[in-house]
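S.K.: Next up is a structure, given as structure tokens.
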Amino acid sequence: MQALPVLQPICCGPQTPPLPEPARDVLAARFKALADPTRVAIVNRLAAADEVCVCDLNAAFELSQPTISHHLRILREAGLVDSTRRGTWAYYRLVPEAIEALRGALGG
């Protein structure tokens, strides 16, 4: 009877170094902020423009102004969006480095 060859283990994918704990925490917080369909829709709308007035976001969604403000606050705290106040209106834009970090974490 002939012995079967010994197979070497196969690597499951590219070797990437593990993320340091602070980077994992930041990424987790950003993904958690995106765990709501409305916030994903807001990020999608901001991705289509340089910046968007909060008044336009209020008009785009069938939600109250306080609810939109709540979603924007969560996105701001996660570091995904930034805002500038001009008079009575706030203008929101994506933070490109934060979006790139999410893209990189997903292998893109």
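Just remember, in the structure tokens the first chain shown is A, the second B, etc., residues are 1-based per chain, and ligands are 1-based in the order shown.
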Identify all residues of chain A in helix (DSSP H, G or I) (DSSP on the backbone) and supply them as number ranges by chain.
M.R.: A: 21-33, 37-47, 54-60, 65-77, 96-105
S.K.: So that I can see what lies close to Asp36 (chain A), please list as a ChimeraX atom specification the residues with an atom at most 12 Å from it, counting only C-alpha atoms and leaving out residues fewer than 6 positions away in the same chain.
M.R.: /A:30,42-43,70-72,74-75
S.K.: Store the residues picked out above, limited to all heavy atoms, as a short mmCIF file (atom, residue, chain, number, x, y, z; two decimals), in the first residue's frame.
M.R.:
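File out.cif, as written:
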data_model
loop_
_atom_site.label_atom_id
_atom_site.label_comp_id
_atom_site.auth_asym_id
_atom_site.auth_seq_id
_atom_site.Cartn_x
_atom_site.Cartn_y
_atom_site.Cartn_z
N ARG A 30 -16.88 53.75 13.76
CA ARG A 30 -17.36 54.26 12.47
C ARG A 30 -18.33 53.29 11.82
O ARG A 30 -19.37 53.70 11.29
CB ARG A 30 -16.17 54.54 11.55
CG ARG A 30 -15.42 55.77 12.01
CD ARG A 30 -14.20 56.06 11.19
NE ARG A 30 -13.56 57.28 11.67
CZ ARG A 30 -12.34 57.65 11.35
NH1 ARG A 30 -11.60 56.89 10.56
NH2 ARG A 30 -11.84 58.76 11.83
N ILE A 42 -27.53 59.26 4.43
CA ILE A 42 -26.94 60.59 4.58
C ILE A 42 -25.51 60.60 4.05
O ILE A 42 -25.12 61.50 3.29
CB ILE A 42 -26.98 61.05 6.06
CG1 ILE A 42 -28.42 61.35 6.48
CG2 ILE A 42 -26.09 62.28 6.28
CD1 ILE A 42 -28.60 61.59 7.97
N VAL A 43 -24.73 59.59 4.41
CA VAL A 43 -23.35 59.50 3.90
C VAL A 43 -23.35 59.39 2.38
O VAL A 43 -22.55 60.02 1.71
CB VAL A 43 -22.60 58.32 4.57
CG1 VAL A 43 -21.30 58.02 3.85
CG2 VAL A 43 -22.35 58.63 6.03
N HIS A 70 -29.85 64.40 15.10
CA HIS A 70 -29.35 63.27 15.90
C HIS A 70 -28.44 62.37 15.05
O HIS A 70 -27.35 62.00 15.48
CB HIS A 70 -30.54 62.47 16.44
CG HIS A 70 -30.17 61.13 16.98
ND1 HIS A 70 -29.55 60.96 18.21
CD2 HIS A 70 -30.31 59.89 16.45
CE1 HIS A 70 -29.34 59.68 18.41
NE2 HIS A 70 -29.79 59.01 17.37
N HIS A 71 -28.89 62.04 13.85
CA HIS A 71 -28.08 61.19 12.96
C HIS A 71 -26.77 61.88 12.59
O HIS A 71 -25.71 61.24 12.57
CB HIS A 71 -28.87 60.81 11.70
CG HIS A 71 -29.96 59.83 11.95
ND1 HIS A 71 -29.74 58.58 12.47
CD2 HIS A 71 -31.30 59.91 11.74
CE1 HIS A 71 -30.88 57.92 12.57
NE2 HIS A 71 -31.85 58.72 12.13
N LEU A 72 -26.83 63.16 12.30
CA LEU A 72 -25.61 63.90 11.95
C LEU A 72 -24.65 63.97 13.13
O LEU A 72 -23.43 63.89 12.95
CB LEU A 72 -25.98 65.30 11.45
CG LEU A 72 -26.63 65.34 10.08
CD1 LEU A 72 -27.24 66.71 9.81
CD2 LEU A 72 -25.65 64.96 8.99
N ILE A 74 -24.26 61.71 15.46
CA ILE A 74 -23.61 60.39 15.56
C ILE A 74 -22.52 60.25 14.50
O ILE A 74 -21.41 59.78 14.79
CB ILE A 74 -24.65 59.27 15.45
CG1 ILE A 74 -25.51 59.27 16.72
CG2 ILE A 74 -23.98 57.91 15.24
CD1 ILE A 74 -26.69 58.35 16.67
N LEU A 75 -22.79 60.70 13.28
CA LEU A 75 -21.79 60.64 12.21
C LEU A 75 -20.61 61.56 12.52
O LEU A 75 -19.46 61.21 12.25
CB LEU A 75 -22.43 61.00 10.87
CG LEU A 75 -23.44 59.99 10.33
CD1 LEU A 75 -24.19 60.57 9.14
CD2 LEU A 75 -22.75 58.69 9.96
#
S.K.: Residues within 12 Å of region 93-100 of chain A, please, as number ranges by chain. Count only C-alpha atoms; anything in the same chain fewer than 4 positions from it doesn't count.
M.R.: A: 23, 26-31, 34, 40, 42-54, 57, 72, 75-85, 104-108
S.K.: Using Å and a single decimal, report how far CA of Thr38 (chain A) sits from CA of Tyr91 (chain A).
M.R.: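 Result for CA of Tyr91 (chain A) versus CA of Thr38 (chain A): 17.8 Å, one decimal.
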S.K.: Could you give me the residues within chain A that DSSP places in strand (DSSP E or B), as a ChimeraX atom specification?
M.R.: /A:52-53,81-86,89-94
